[in-house]
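Written out below as structure tokens is the structure these notes cover.
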Amino acid sequence: MPLPSAHDVALAAERRTAARLLLAHPLVTSAGPHSDVFPLIRRHADWLAQRFQQVFGYRLLVEASYARLFKAGLGTGSGHRLERPSTGTPFSPRTYAYLALALSVLVTAPEQLLLSQLVADLRAAAFDAGIEIADTGRQAERRTLAAALRQLVDWGVLTETEGQVAAIAEERGGEALLTVDREIARVVVAGPLAQSRNGADLVRRAADPGFGGPRTYVRRRLVETPVVHLDDLTDTEREWLRTRQRREAQAFSELLGLEAEIRAEGIALIDTEGELTDLHLPGTGTVAQAALLLLERLVDRLRPEEAGHPAVGGRLFIGVPVPDGLLPELLDDLIEEYGRRSSWQRGHLEDRDGFLAAVLDLLVRMRLMAPAGPVRAEGHGLPEGYEQAVADGRSVTDVSQARGQGSADGGWILLAAAARYATTVAVKHRTDRSPADDDSKEPSL
């Protein structure tokens, strides 16, 4: 086979750069922070649109001034939340409400309008929709509204021609002149609003992979989450992945430059450049440092014996229940050992319940821990009419009870991927592996 030419290598690199940017930032504008890559998106628009549709079932719209990748959801509890850049505080339901109301106004707004007029129109839209909003004269409410409008500025829906949207948070309520991009406002929402009865129905419909079925859902899950454990998938999805995981790994490497780490308990796509994630562990800050230290101690305490794939004589552990009381006990130990001398934030040290909640939130988003409860392999969170059973009755890896027997709702599960962060590694030599073993029989996480 002849080696690829310099032109082919450069072409593939350009397409990969454009695809990676769209995956991380589904809305890219010609005047925004990623304007240097926008010409590559325009140049390869047809190829990118075809590939995103074929691989993920995502629609790509590229116009003269913006590109919008319409991603689909993964179901309840799998969204990527918005946060206030200054504090990292997640948007509250009220902030999302203001964001949605502002978009409903801006799609038909004049090209320019005053901040005060936008607020008045927003309140009128809320009244028409039967939505109760608090008095925007209160300081906390003004800050919430300002956060929503700031997000619209970051997306390019609003441009601060004179003044800033933050003026709404001032004590006497400042003023600003805003320029509106109605086209971008119309493409912000990716979900099927017209067909949805309510918010829950919108989430379900957005997560439906459509004609792509299990193939499309698995690919979305692989690329949109830090790790996919086997019981995150139905029988059909697990069977599809088992027979194609090596080919899929090669495809993800070529399209996005991601390397697949395949283990007995699941698969993770690794971005060695660290550009395609909004979460980092190890990371900076009190919460990330405590989360890493907590993981190390949990793995040391709870690592199961004889973990491995059943096909090679092991037992499949996708997760192990965390005993009641262990999490606050370990966090208290960490605070005494590291918190005082590591300049951890005082607010966290004084509010240990809130500190633990923040640490667990990060670990859940990283798919390293999970609340105990039903999983997708048991039919939880599936779209209506979704195919679950393997068509020809072929046997698939049994993942029942793989997160521990008797783990009741309300508890916590330490997931297999957490073992990657352990300070010591248990190495077991295997001599019974045969060449006929399939791809799923890799060492445990």
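So you can find residues: chains in the structure tokens are A, B, ... in the order shown, residues in each start at 1, and ligands are numbered from 1 in order.
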
Backbone-only DSSP, strand (DSSP E or B) members of segment 215-437 of chain A, as a list in words: Val228, His229, Glu259, Ala260, Glu261, Ile262, Gly266, Ile267, Ala268, Leu269, Ile270, Ala307, Arg315, Gly319, Val320, Pro321, Val322, Met369, Ala370, Pro371, Trp412, Ile413, Leu414 and Leu415 of chain A

Residue nearest Leu158 of chain A among A:Glu183, A:Asp232, A:Glu175, A:Glu239 (counting only C-alpha atoms): A:Glu183

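In this comparison, which uses only C-alpha atoms, the residue of A:Ala185, A:Arg352, A:Asp361, A:Val28 approaching Pro90 of chain A most closely is A:Asp361.
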
Extract the full set of helix (DSSP H, G or I) residues from segment 61-194 of chain A according to DSSP on the backbone, and format it as a compact mmCIF listing (two decimals) with all heavy atoms, in the first residue's frame.
```txt
# COMPACT_ATOMS: atom_id res chain seq x y z
N PRO A 93 -32.06 26.42 37.53
CA PRO A 93 -33.24 26.33 36.66
C PRO A 93 -33.76 27.71 36.24
O PRO A 93 -34.21 27.89 35.10
CB PRO A 93 -34.26 25.57 37.51
CG PRO A 93 -33.42 24.72 38.41
CD PRO A 93 -32.22 25.55 38.73
N ARG A 94 -33.69 28.69 37.14
CA ARG A 94 -34.17 30.03 36.80
C ARG A 94 -33.27 30.67 35.74
O ARG A 94 -33.76 31.40 34.86
CB ARG A 94 -34.22 30.90 38.06
CG ARG A 94 -34.85 32.27 37.81
CD ARG A 94 -35.20 32.95 39.12
NE ARG A 94 -36.23 32.20 39.83
CZ ARG A 94 -37.53 32.32 39.59
NH1 ARG A 94 -37.95 33.13 38.63
NH2 ARG A 94 -38.39 31.63 40.28
N THR A 95 -31.97 30.44 35.81
CA THR A 95 -31.07 30.98 34.79
C THR A 95 -31.41 30.40 33.42
O THR A 95 -31.44 31.12 32.42
CB THR A 95 -29.60 30.68 35.13
OG1 THR A 95 -29.35 30.96 36.49
CG2 THR A 95 -28.67 31.53 34.27
N TYR A 96 -31.67 29.09 33.37
CA TYR A 96 -32.08 28.47 32.11
C TYR A 96 -33.41 29.04 31.63
O TYR A 96 -33.62 29.22 30.42
CB TYR A 96 -32.19 26.96 32.28
CG TYR A 96 -30.87 26.23 32.28
CD1 TYR A 96 -30.38 25.65 33.45
CD2 TYR A 96 -30.10 26.13 31.13
CE1 TYR A 96 -29.17 24.98 33.46
CE2 TYR A 96 -28.89 25.46 31.14
CZ TYR A 96 -28.43 24.89 32.31
OH TYR A 96 -27.22 24.24 32.32
N ALA A 97 -34.31 29.33 32.55
CA ALA A 97 -35.60 29.90 32.17
C ALA A 97 -35.40 31.27 31.53
O ALA A 97 -36.01 31.58 30.49
CB ALA A 97 -36.51 30.01 33.39
N TYR A 98 -34.56 32.10 32.13
CA TYR A 98 -34.26 33.41 31.54
C TYR A 98 -33.61 33.26 30.17
O TYR A 98 -33.89 34.02 29.24
CB TYR A 98 -33.35 34.20 32.46
CG TYR A 98 -34.06 34.91 33.59
CD1 TYR A 98 -33.57 34.85 34.90
CD2 TYR A 98 -35.21 35.65 33.37
CE1 TYR A 98 -34.20 35.50 35.94
CE2 TYR A 98 -35.86 36.31 34.40
CZ TYR A 98 -35.36 36.23 35.69
OH TYR A 98 -36.01 36.87 36.70
N LEU A 99 -32.73 32.28 30.04
CA LEU A 99 -32.06 32.05 28.77
C LEU A 99 -33.07 31.68 27.68
O LEU A 99 -33.03 32.22 26.56
CB LEU A 99 -31.03 30.93 28.95
CG LEU A 99 -30.04 30.67 27.82
CD1 LEU A 99 -29.19 31.89 27.55
CD2 LEU A 99 -29.15 29.48 28.18
N ALA A 100 -33.99 30.79 27.99
CA ALA A 100 -35.00 30.37 27.02
C ALA A 100 -35.94 31.52 26.67
O ALA A 100 -36.30 31.72 25.50
CB ALA A 100 -35.79 29.18 27.57
N LEU A 101 -36.36 32.30 27.67
CA LEU A 101 -37.24 33.43 27.42
C LEU A 101 -36.57 34.48 26.55
O LEU A 101 -37.18 35.05 25.64
CB LEU A 101 -37.69 34.04 28.75
CG LEU A 101 -38.69 33.21 29.57
CD1 LEU A 101 -38.83 33.78 30.97
CD2 LEU A 101 -40.05 33.18 28.87
N ALA A 102 -35.29 34.75 26.84
CA ALA A 102 -34.56 35.73 26.03
C ALA A 102 -34.46 35.28 24.58
O ALA A 102 -34.64 36.09 23.66
CB ALA A 102 -33.17 35.96 26.63
N LEU A 103 -34.19 34.01 24.35
CA LEU A 103 -34.11 33.50 22.98
C LEU A 103 -35.45 33.62 22.26
O LEU A 103 -35.51 33.95 21.08
CB LEU A 103 -33.65 32.04 22.98
CG LEU A 103 -32.16 31.81 23.23
CD1 LEU A 103 -31.89 30.32 23.44
CD2 LEU A 103 -31.33 32.34 22.07
N SER A 104 -36.54 33.36 22.99
CA SER A 104 -37.86 33.47 22.37
C SER A 104 -38.16 34.89 21.92
O SER A 104 -38.89 35.10 20.95
CB SER A 104 -38.94 32.99 23.34
OG SER A 104 -39.14 33.91 24.40
N VAL A 105 -37.60 35.86 22.61
CA VAL A 105 -37.78 37.26 22.25
C VAL A 105 -36.85 37.66 21.11
O VAL A 105 -37.24 38.36 20.17
CB VAL A 105 -37.53 38.16 23.48
CG1 VAL A 105 -37.44 39.63 23.07
CG2 VAL A 105 -38.61 37.95 24.52
N LEU A 106 -35.62 37.20 21.16
CA LEU A 106 -34.59 37.68 20.24
C LEU A 106 -34.74 37.14 18.82
O LEU A 106 -34.22 37.74 17.88
CB LEU A 106 -33.20 37.31 20.78
CG LEU A 106 -32.81 38.03 22.08
CD1 LEU A 106 -31.50 37.48 22.63
CD2 LEU A 106 -32.69 39.54 21.83
N LEU A 115 -31.08 47.42 26.50
CA LEU A 115 -31.14 46.36 27.51
C LEU A 115 -32.45 46.42 28.27
O LEU A 115 -33.08 45.38 28.54
CB LEU A 115 -29.95 46.50 28.46
CG LEU A 115 -29.87 45.53 29.64
CD1 LEU A 115 -29.82 44.08 29.16
CD2 LEU A 115 -28.65 45.84 30.50
N SER A 116 -32.90 47.60 28.61
CA SER A 116 -34.15 47.74 29.35
C SER A 116 -35.33 47.23 28.54
O SER A 116 -36.26 46.62 29.10
CB SER A 116 -34.39 49.21 29.73
OG SER A 116 -34.40 50.03 28.57
N GLN A 117 -35.32 47.44 27.22
CA GLN A 117 -36.40 46.94 26.38
C GLN A 117 -36.38 45.41 26.30
O GLN A 117 -37.44 44.76 26.32
CB GLN A 117 -36.28 47.53 24.97
CG GLN A 117 -37.41 47.14 24.03
CD GLN A 117 -38.76 47.60 24.54
OE1 GLN A 117 -38.93 48.77 24.85
NE2 GLN A 117 -39.72 46.69 24.63
N LEU A 118 -35.19 44.83 26.24
CA LEU A 118 -35.08 43.38 26.22
C LEU A 118 -35.66 42.79 27.50
O LEU A 118 -36.39 41.79 27.47
CB LEU A 118 -33.61 42.97 26.06
CG LEU A 118 -33.31 41.47 26.18
CD1 LEU A 118 -34.11 40.66 25.17
CD2 LEU A 118 -31.82 41.21 26.00
N VAL A 119 -35.36 43.39 28.64
CA VAL A 119 -35.89 42.90 29.91
C VAL A 119 -37.41 43.02 29.94
O VAL A 119 -38.11 42.09 30.38
CB VAL A 119 -35.26 43.67 31.09
CG1 VAL A 119 -35.91 43.25 32.41
CG2 VAL A 119 -33.76 43.42 31.15
N ALA A 120 -37.95 44.14 29.44
CA ALA A 120 -39.40 44.31 29.40
C ALA A 120 -40.05 43.26 28.50
O ALA A 120 -41.08 42.67 28.84
CB ALA A 120 -39.74 45.72 28.93
N ASP A 121 -39.45 43.02 27.33
CA ASP A 121 -39.98 42.02 26.40
C ASP A 121 -39.91 40.62 27.01
O ASP A 121 -40.79 39.78 26.79
CB ASP A 121 -39.21 42.05 25.08
CG ASP A 121 -39.46 43.33 24.29
OD1 ASP A 121 -40.43 44.04 24.61
OD2 ASP A 121 -38.67 43.61 23.37
N LEU A 122 -38.83 40.36 27.74
CA LEU A 122 -38.66 39.06 28.38
C LEU A 122 -39.76 38.83 29.41
O LEU A 122 -40.34 37.74 29.49
CB LEU A 122 -37.27 39.01 29.01
CG LEU A 122 -36.79 37.70 29.63
CD1 LEU A 122 -35.27 37.61 29.53
CD2 LEU A 122 -37.18 37.61 31.10
N ARG A 123 -40.06 39.85 30.20
CA ARG A 123 -41.10 39.71 31.21
C ARG A 123 -42.46 39.49 30.55
O ARG A 123 -43.29 38.71 31.03
CB ARG A 123 -41.14 40.94 32.11
CG ARG A 123 -39.91 41.07 33.01
CD ARG A 123 -40.01 42.30 33.89
NE ARG A 123 -41.14 42.20 34.81
CZ ARG A 123 -41.11 41.58 35.97
NH1 ARG A 123 -39.99 40.97 36.38
NH2 ARG A 123 -42.17 41.54 36.74
N ALA A 124 -42.70 40.17 29.43
CA ALA A 124 -43.96 40.00 28.71
C ALA A 124 -44.07 38.59 28.14
O ALA A 124 -45.15 37.98 28.17
CB ALA A 124 -44.06 41.03 27.59
N ALA A 125 -42.96 38.06 27.64
CA ALA A 125 -42.97 36.69 27.10
C ALA A 125 -43.26 35.69 28.21
O ALA A 125 -43.96 34.70 28.01
CB ALA A 125 -41.62 36.38 26.43
N ALA A 126 -42.70 35.92 29.39
CA ALA A 126 -42.96 35.04 30.53
C ALA A 126 -44.44 35.06 30.91
O ALA A 126 -45.04 34.02 31.19
CB ALA A 126 -42.10 35.45 31.72
N PHE A 127 -45.04 36.24 30.90
CA PHE A 127 -46.47 36.35 31.22
C PHE A 127 -47.31 35.60 30.20
O PHE A 127 -48.24 34.87 30.55
CB PHE A 127 -46.86 37.83 31.27
CG PHE A 127 -48.32 38.05 31.56
CD1 PHE A 127 -48.81 37.99 32.86
CD2 PHE A 127 -49.21 38.30 30.51
CE1 PHE A 127 -50.15 38.18 33.12
CE2 PHE A 127 -50.56 38.49 30.77
CZ PHE A 127 -51.03 38.43 32.08
N ASP A 128 -46.99 35.77 28.91
CA ASP A 128 -47.74 35.09 27.84
C ASP A 128 -47.64 33.58 27.96
O ASP A 128 -48.58 32.85 27.62
CB ASP A 128 -47.24 35.54 26.47
CG ASP A 128 -47.57 37.00 26.17
OD1 ASP A 128 -48.47 37.54 26.84
OD2 ASP A 128 -46.92 37.58 25.28
N GLN A 139 -31.60 42.08 43.81
CA GLN A 139 -30.20 41.95 43.42
C GLN A 139 -29.88 40.54 42.91
O GLN A 139 -29.26 40.37 41.85
CB GLN A 139 -29.29 42.29 44.61
CG GLN A 139 -27.79 42.22 44.31
CD GLN A 139 -27.32 43.33 43.39
OE1 GLN A 139 -28.00 44.32 43.21
NE2 GLN A 139 -26.15 43.15 42.80
N ALA A 140 -30.31 39.51 43.65
CA ALA A 140 -30.01 38.14 43.25
C ALA A 140 -30.66 37.82 41.91
O ALA A 140 -30.07 37.14 41.05
CB ALA A 140 -30.49 37.16 44.32
N GLU A 141 -31.87 38.32 41.70
CA GLU A 141 -32.57 38.05 40.44
C GLU A 141 -31.89 38.77 39.28
O GLU A 141 -31.78 38.23 38.18
CB GLU A 141 -34.04 38.49 40.56
CG GLU A 141 -34.97 37.81 39.59
CD GLU A 141 -35.10 36.32 39.87
OE1 GLU A 141 -34.82 35.87 41.00
OE2 GLU A 141 -35.49 35.59 38.94
N ARG A 142 -31.41 39.97 39.52
CA ARG A 142 -30.72 40.72 38.46
C ARG A 142 -29.43 40.00 38.06
O ARG A 142 -29.07 39.96 36.88
CB ARG A 142 -30.40 42.14 38.93
CG ARG A 142 -31.64 43.02 39.09
CD ARG A 142 -31.26 44.49 39.10
NE ARG A 142 -30.27 44.81 40.12
CZ ARG A 142 -30.56 45.21 41.35
NH1 ARG A 142 -31.83 45.32 41.72
NH2 ARG A 142 -29.61 45.48 42.22
N ARG A 143 -28.74 39.44 39.03
CA ARG A 143 -27.50 38.71 38.72
C ARG A 143 -27.81 37.45 37.91
O ARG A 143 -27.05 37.08 37.00
CB ARG A 143 -26.77 38.34 40.00
CG ARG A 143 -26.14 39.53 40.71
CD ARG A 143 -25.54 39.12 42.04
NE ARG A 143 -24.88 40.24 42.70
CZ ARG A 143 -24.45 40.23 43.96
NH1 ARG A 143 -24.60 39.11 44.68
NH2 ARG A 143 -23.88 41.28 44.49
N THR A 144 -28.90 36.78 38.24
CA THR A 144 -29.29 35.59 37.49
C THR A 144 -29.62 35.94 36.05
O THR A 144 -29.18 35.25 35.11
CB THR A 144 -30.51 34.92 38.16
OG1 THR A 144 -30.17 34.57 39.50
CG2 THR A 144 -30.92 33.67 37.41
N LEU A 145 -30.36 37.00 35.86
CA LEU A 145 -30.68 37.46 34.51
C LEU A 145 -29.42 37.87 33.76
O LEU A 145 -29.26 37.55 32.57
CB LEU A 145 -31.66 38.62 34.58
CG LEU A 145 -32.05 39.29 33.26
CD1 LEU A 145 -32.62 38.26 32.29
CD2 LEU A 145 -33.04 40.41 33.50
N ALA A 146 -28.53 38.57 34.43
CA ALA A 146 -27.28 38.99 33.79
C ALA A 146 -26.46 37.79 33.33
O ALA A 146 -25.83 37.83 32.27
CB ALA A 146 -26.46 39.86 34.74
N ALA A 147 -26.44 36.70 34.12
CA ALA A 147 -25.69 35.50 33.74
C ALA A 147 -26.26 34.89 32.46
O ALA A 147 -25.50 34.45 31.59
CB ALA A 147 -25.73 34.48 34.87
N ALA A 148 -27.59 34.87 32.34
CA ALA A 148 -28.21 34.33 31.13
C ALA A 148 -27.87 35.20 29.91
O ALA A 148 -27.52 34.67 28.84
CB ALA A 148 -29.72 34.25 31.31
N LEU A 149 -27.93 36.51 30.07
CA LEU A 149 -27.63 37.40 28.94
C LEU A 149 -26.15 37.35 28.59
O LEU A 149 -25.77 37.47 27.41
CB LEU A 149 -28.05 38.83 29.28
CG LEU A 149 -29.56 39.03 29.54
CD1 LEU A 149 -29.86 40.49 29.84
CD2 LEU A 149 -30.39 38.54 28.36
N ARG A 150 -25.30 37.17 29.60
CA ARG A 150 -23.87 37.05 29.34
C ARG A 150 -23.57 35.82 28.48
O ARG A 150 -22.69 35.87 27.61
CB ARG A 150 -23.13 36.94 30.68
CG ARG A 150 -21.62 36.81 30.60
CD ARG A 150 -20.99 38.10 30.17
NE ARG A 150 -20.42 38.00 28.84
CZ ARG A 150 -19.93 39.01 28.17
NH1 ARG A 150 -19.98 40.23 28.70
NH2 ARG A 150 -19.43 38.85 26.98
N GLN A 151 -24.32 34.74 28.71
CA GLN A 151 -24.14 33.55 27.90
C GLN A 151 -24.50 33.82 26.45
O GLN A 151 -23.83 33.34 25.52
CB GLN A 151 -25.00 32.41 28.46
CG GLN A 151 -24.82 31.09 27.74
CD GLN A 151 -23.41 30.54 27.88
OE1 GLN A 151 -22.95 30.30 28.99
NE2 GLN A 151 -22.73 30.34 26.77
N LEU A 152 -25.54 34.60 26.22
CA LEU A 152 -25.94 34.94 24.86
C LEU A 152 -24.88 35.81 24.17
O LEU A 152 -24.67 35.69 22.96
CB LEU A 152 -27.29 35.66 24.87
CG LEU A 152 -28.47 34.80 25.32
CD1 LEU A 152 -29.73 35.65 25.43
CD2 LEU A 152 -28.69 33.64 24.36
N VAL A 153 -24.22 36.63 24.94
CA VAL A 153 -23.10 37.41 24.39
C VAL A 153 -21.95 36.48 23.99
O VAL A 153 -21.36 36.60 22.91
CB VAL A 153 -22.61 38.47 25.40
CG1 VAL A 153 -21.33 39.15 24.90
CG2 VAL A 153 -23.70 39.52 25.63
N ASP A 154 -21.64 35.52 24.86
CA ASP A 154 -20.55 34.58 24.56
C ASP A 154 -20.85 33.75 23.32
O ASP A 154 -19.94 33.39 22.57
CB ASP A 154 -20.33 33.65 25.76
CG ASP A 154 -19.77 34.38 26.97
OD1 ASP A 154 -19.25 35.49 26.79
OD2 ASP A 154 -19.85 33.83 28.10
N TRP A 155 -22.12 33.43 23.08
CA TRP A 155 -22.50 32.65 21.90
C TRP A 155 -22.55 33.50 20.63
O TRP A 155 -22.62 32.95 19.54
CB TRP A 155 -23.86 32.01 22.12
CG TRP A 155 -23.83 30.80 22.99
CD1 TRP A 155 -22.76 29.99 23.24
CD2 TRP A 155 -24.93 30.25 23.73
NE1 TRP A 155 -23.12 28.98 24.09
CE2 TRP A 155 -24.44 29.10 24.40
CE3 TRP A 155 -26.27 30.60 23.87
CZ2 TRP A 155 -25.25 28.31 25.21
CZ3 TRP A 155 -27.07 29.82 24.69
CH2 TRP A 155 -26.58 28.70 25.35
N VAL A 165 -24.16 43.93 29.29
CA VAL A 165 -25.35 43.33 29.86
C VAL A 165 -25.24 43.23 31.38
O VAL A 165 -26.26 43.14 32.09
CB VAL A 165 -25.63 41.94 29.26
CG1 VAL A 165 -25.96 42.05 27.78
CG2 VAL A 165 -24.44 41.00 29.49
N ALA A 166 -24.00 43.24 31.89
CA ALA A 166 -23.81 43.19 33.34
C ALA A 166 -24.41 44.41 34.03
O ALA A 166 -24.61 44.40 35.25
CB ALA A 166 -22.33 43.08 33.67
N ALA A 167 -24.74 45.44 33.25
CA ALA A 167 -25.32 46.64 33.84
C ALA A 167 -26.65 46.36 34.51
O ALA A 167 -27.06 47.07 35.44
CB ALA A 167 -25.50 47.71 32.75
N ILE A 168 -27.33 45.29 34.07
CA ILE A 168 -28.62 44.96 34.67
C ILE A 168 -28.47 44.57 36.13
O ILE A 168 -29.42 44.67 36.93
CB ILE A 168 -29.30 43.81 33.87
CG1 ILE A 168 -30.78 43.68 34.25
CG2 ILE A 168 -28.58 42.50 34.10
CD1 ILE A 168 -31.61 44.85 33.88
N ALA A 169 -27.28 44.14 36.51
CA ALA A 169 -27.05 43.70 37.89
C ALA A 169 -26.69 44.86 38.81
O ALA A 169 -26.56 44.67 40.02
CB ALA A 169 -25.94 42.66 37.93
N ARG A 182 -30.15 37.57 14.81
CA ARG A 182 -31.33 36.72 14.86
C ARG A 182 -31.06 35.33 14.29
O ARG A 182 -31.65 34.34 14.72
CB ARG A 182 -32.49 37.38 14.10
CG ARG A 182 -33.02 38.64 14.78
CD ARG A 182 -34.25 39.15 14.09
NE ARG A 182 -33.96 39.59 12.73
CZ ARG A 182 -33.63 40.85 12.41
NH1 ARG A 182 -33.57 41.78 13.37
NH2 ARG A 182 -33.39 41.19 11.16
N GLU A 183 -30.17 35.23 13.30
CA GLU A 183 -29.87 33.92 12.71
C GLU A 183 -29.26 32.98 13.75
O GLU A 183 -29.66 31.82 13.87
CB GLU A 183 -28.92 34.07 11.52
CG GLU A 183 -29.57 34.63 10.27
CD GLU A 183 -28.64 34.46 9.08
OE1 GLU A 183 -28.15 33.34 8.85
OE2 GLU A 183 -28.40 35.47 8.39
N ILE A 184 -28.30 33.49 14.51
CA ILE A 184 -27.68 32.65 15.53
C ILE A 184 -28.69 32.33 16.63
O ILE A 184 -28.73 31.21 17.15
CB ILE A 184 -26.43 33.33 16.10
CG1 ILE A 184 -25.36 33.46 15.00
CG2 ILE A 184 -25.86 32.53 17.27
CD1 ILE A 184 -24.07 34.10 15.47
N ALA A 185 -29.54 33.28 16.98
CA ALA A 185 -30.55 33.03 18.00
C ALA A 185 -31.44 31.86 17.60
O ALA A 185 -31.86 31.06 18.46
CB ALA A 185 -31.39 34.29 18.23
N ARG A 186 -31.74 31.74 16.31
CA ARG A 186 -32.65 30.69 15.84
C ARG A 186 -32.03 29.30 15.88
O ARG A 186 -32.75 28.30 15.87
CB ARG A 186 -33.13 31.01 14.43
CG ARG A 186 -34.02 32.24 14.34
CD ARG A 186 -34.62 32.41 12.95
NE ARG A 186 -35.42 33.62 12.87
CZ ARG A 186 -35.04 34.75 12.27
NH1 ARG A 186 -33.85 34.80 11.67
NH2 ARG A 186 -35.82 35.80 12.26
N VAL A 187 -30.70 29.22 15.87
CA VAL A 187 -30.06 27.89 15.81
C VAL A 187 -29.45 27.46 17.13
O VAL A 187 -28.81 26.40 17.20
CB VAL A 187 -28.96 27.85 14.70
CG1 VAL A 187 -29.56 28.14 13.35
CG2 VAL A 187 -27.81 28.82 15.02
```

Just the residues within 12 Å of Pro328 of chain A, please, counting only C-alpha atoms, with nothing from its chain fewer than 2 positions along; format it as an mmCIF file with N, CA, C and O atoms, in the first residue's frame.
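Listing of out.cif after writing:
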```
data_model
loop_
_atom_site.group_PDB
_atom_site.id
_atom_site.type_symbol
_atom_site.label_atom_id
_atom_site.label_comp_id
_atom_site.auth_asym_id
_atom_site.auth_seq_id
_atom_site.Cartn_x
_atom_site.Cartn_y
_atom_site.Cartn_z
ATOM 1 N N LEU A 294 -9.542 11.420 47.356
ATOM 2 C CA LEU A 294 -10.628 10.552 47.806
ATOM 3 C C LEU A 294 -10.698 9.290 46.960
ATOM 4 O O LEU A 294 -10.884 8.185 47.481
ATOM 5 N N LEU A 298 -10.532 5.389 48.182
ATOM 6 C CA LEU A 298 -11.656 4.493 47.929
ATOM 7 C C LEU A 298 -11.204 3.245 47.180
ATOM 8 O O LEU A 298 -11.616 2.122 47.513
ATOM 9 N N VAL A 322 -20.266 1.638 47.983
ATOM 10 C CA VAL A 322 -19.481 2.315 49.015
ATOM 11 C C VAL A 322 -20.232 2.193 50.343
ATOM 12 O O VAL A 322 -21.401 2.585 50.426
ATOM 13 N N PRO A 323 -19.600 1.644 51.368
ATOM 14 C CA PRO A 323 -20.293 1.487 52.662
ATOM 15 C C PRO A 323 -20.786 2.827 53.209
ATOM 16 O O PRO A 323 -20.138 3.866 53.020
ATOM 17 N N ASP A 324 -21.924 2.785 53.875
ATOM 18 C CA ASP A 324 -22.480 3.988 54.490
ATOM 19 C C ASP A 324 -21.473 4.589 55.466
ATOM 20 O O ASP A 324 -20.838 3.883 56.252
ATOM 21 N N GLY A 325 -21.335 5.907 55.391
ATOM 22 C CA GLY A 325 -20.461 6.614 56.323
ATOM 23 C C GLY A 325 -19.014 6.694 55.899
ATOM 24 O O GLY A 325 -18.240 7.461 56.493
ATOM 25 N N LEU A 326 -18.605 5.916 54.886
ATOM 26 C CA LEU A 326 -17.188 5.915 54.506
ATOM 27 C C LEU A 326 -16.774 7.219 53.840
ATOM 28 O O LEU A 326 -15.672 7.723 54.083
ATOM 29 N N LEU A 330 -13.665 9.503 55.126
ATOM 30 C CA LEU A 330 -12.432 9.702 54.354
ATOM 31 C C LEU A 330 -12.180 11.177 54.073
ATOM 32 O O LEU A 330 -11.028 11.632 54.093
ATOM 33 N N LEU A 331 -13.260 11.934 53.804
ATOM 34 C CA LEU A 331 -13.076 13.357 53.550
ATOM 35 C C LEU A 331 -12.563 14.067 54.797
ATOM 36 O O LEU A 331 -11.672 14.938 54.704
ATOM 37 N N ASP A 332 -13.080 13.706 55.957
ATOM 38 C CA ASP A 332 -12.575 14.297 57.205
ATOM 39 C C ASP A 332 -11.088 13.998 57.368
ATOM 40 O O ASP A 332 -10.301 14.874 57.781
ATOM 41 N N ASP A 333 -10.683 12.777 57.061
ATOM 42 C CA ASP A 333 -9.266 12.415 57.159
ATOM 43 C C ASP A 333 -8.423 13.261 56.207
ATOM 44 O O ASP A 333 -7.329 13.715 56.566
ATOM 45 N N LEU A 334 -8.919 13.468 54.992
ATOM 46 C CA LEU A 334 -8.176 14.254 54.005
ATOM 47 C C LEU A 334 -8.040 15.708 54.438
ATOM 48 O O LEU A 334 -6.987 16.332 54.242
ATOM 49 N N ILE A 335 -9.105 16.246 55.012
ATOM 50 C CA ILE A 335 -9.047 17.642 55.469
ATOM 51 C C ILE A 335 -8.007 17.791 56.571
ATOM 52 O O ILE A 335 -7.219 18.749 56.578
ATOM 53 N N ASP A 351 -17.795 24.000 55.467
ATOM 54 C CA ASP A 351 -19.056 23.364 55.063
ATOM 55 C C ASP A 351 -18.727 21.990 54.483
ATOM 56 O O ASP A 351 -18.655 21.813 53.270
ATOM 57 N N ARG A 352 -18.541 21.025 55.348
ATOM 58 C CA ARG A 352 -18.058 19.724 54.895
ATOM 59 C C ARG A 352 -19.113 18.966 54.096
ATOM 60 O O ARG A 352 -18.776 18.230 53.182
ATOM 61 N N ASP A 353 -20.377 19.140 54.420
ATOM 62 C CA ASP A 353 -21.426 18.492 53.626
ATOM 63 C C ASP A 353 -21.438 19.055 52.209
ATOM 64 O O ASP A 353 -21.528 18.304 51.231
ATOM 65 N N GLY A 354 -21.347 20.369 52.085
ATOM 66 C CA GLY A 354 -21.295 20.991 50.762
ATOM 67 C C GLY A 354 -20.034 20.621 50.013
ATOM 68 O O GLY A 354 -20.052 20.441 48.788
ATOM 69 N N PHE A 355 -18.918 20.500 50.735
ATOM 70 C CA PHE A 355 -17.642 20.103 50.142
ATOM 71 C C PHE A 355 -17.755 18.697 49.555
ATOM 72 O O PHE A 355 -17.369 18.444 48.405
ATOM 73 N N LEU A 356 -18.308 17.768 50.339
ATOM 74 C CA LEU A 356 -18.462 16.394 49.865
ATOM 75 C C LEU A 356 -19.395 16.342 48.660
ATOM 76 O O LEU A 356 -19.138 15.605 47.696
ATOM 77 N N ALA A 357 -20.460 17.135 48.676
ATOM 78 C CA ALA A 357 -21.393 17.161 47.547
ATOM 79 C C ALA A 357 -20.697 17.650 46.285
ATOM 80 O O ALA A 357 -20.919 17.108 45.189
ATOM 81 N N VAL A 359 -17.434 17.434 45.595
ATOM 82 C CA VAL A 359 -16.486 16.394 45.180
ATOM 83 C C VAL A 359 -17.216 15.275 44.453
ATOM 84 O O VAL A 359 -16.790 14.809 43.382
ATOM 85 N N LEU A 360 -18.337 14.813 45.016
ATOM 86 C CA LEU A 360 -19.108 13.735 44.385
ATOM 87 C C LEU A 360 -19.683 14.180 43.050
ATOM 88 O O LEU A 360 -19.744 13.388 42.102
#
```

Nearest to Arg220 of chain A, chosen from A:Ala6, A:Leu69, A:Val107, A:Val55, with only C-alpha atoms counted in the distances: A:Val55
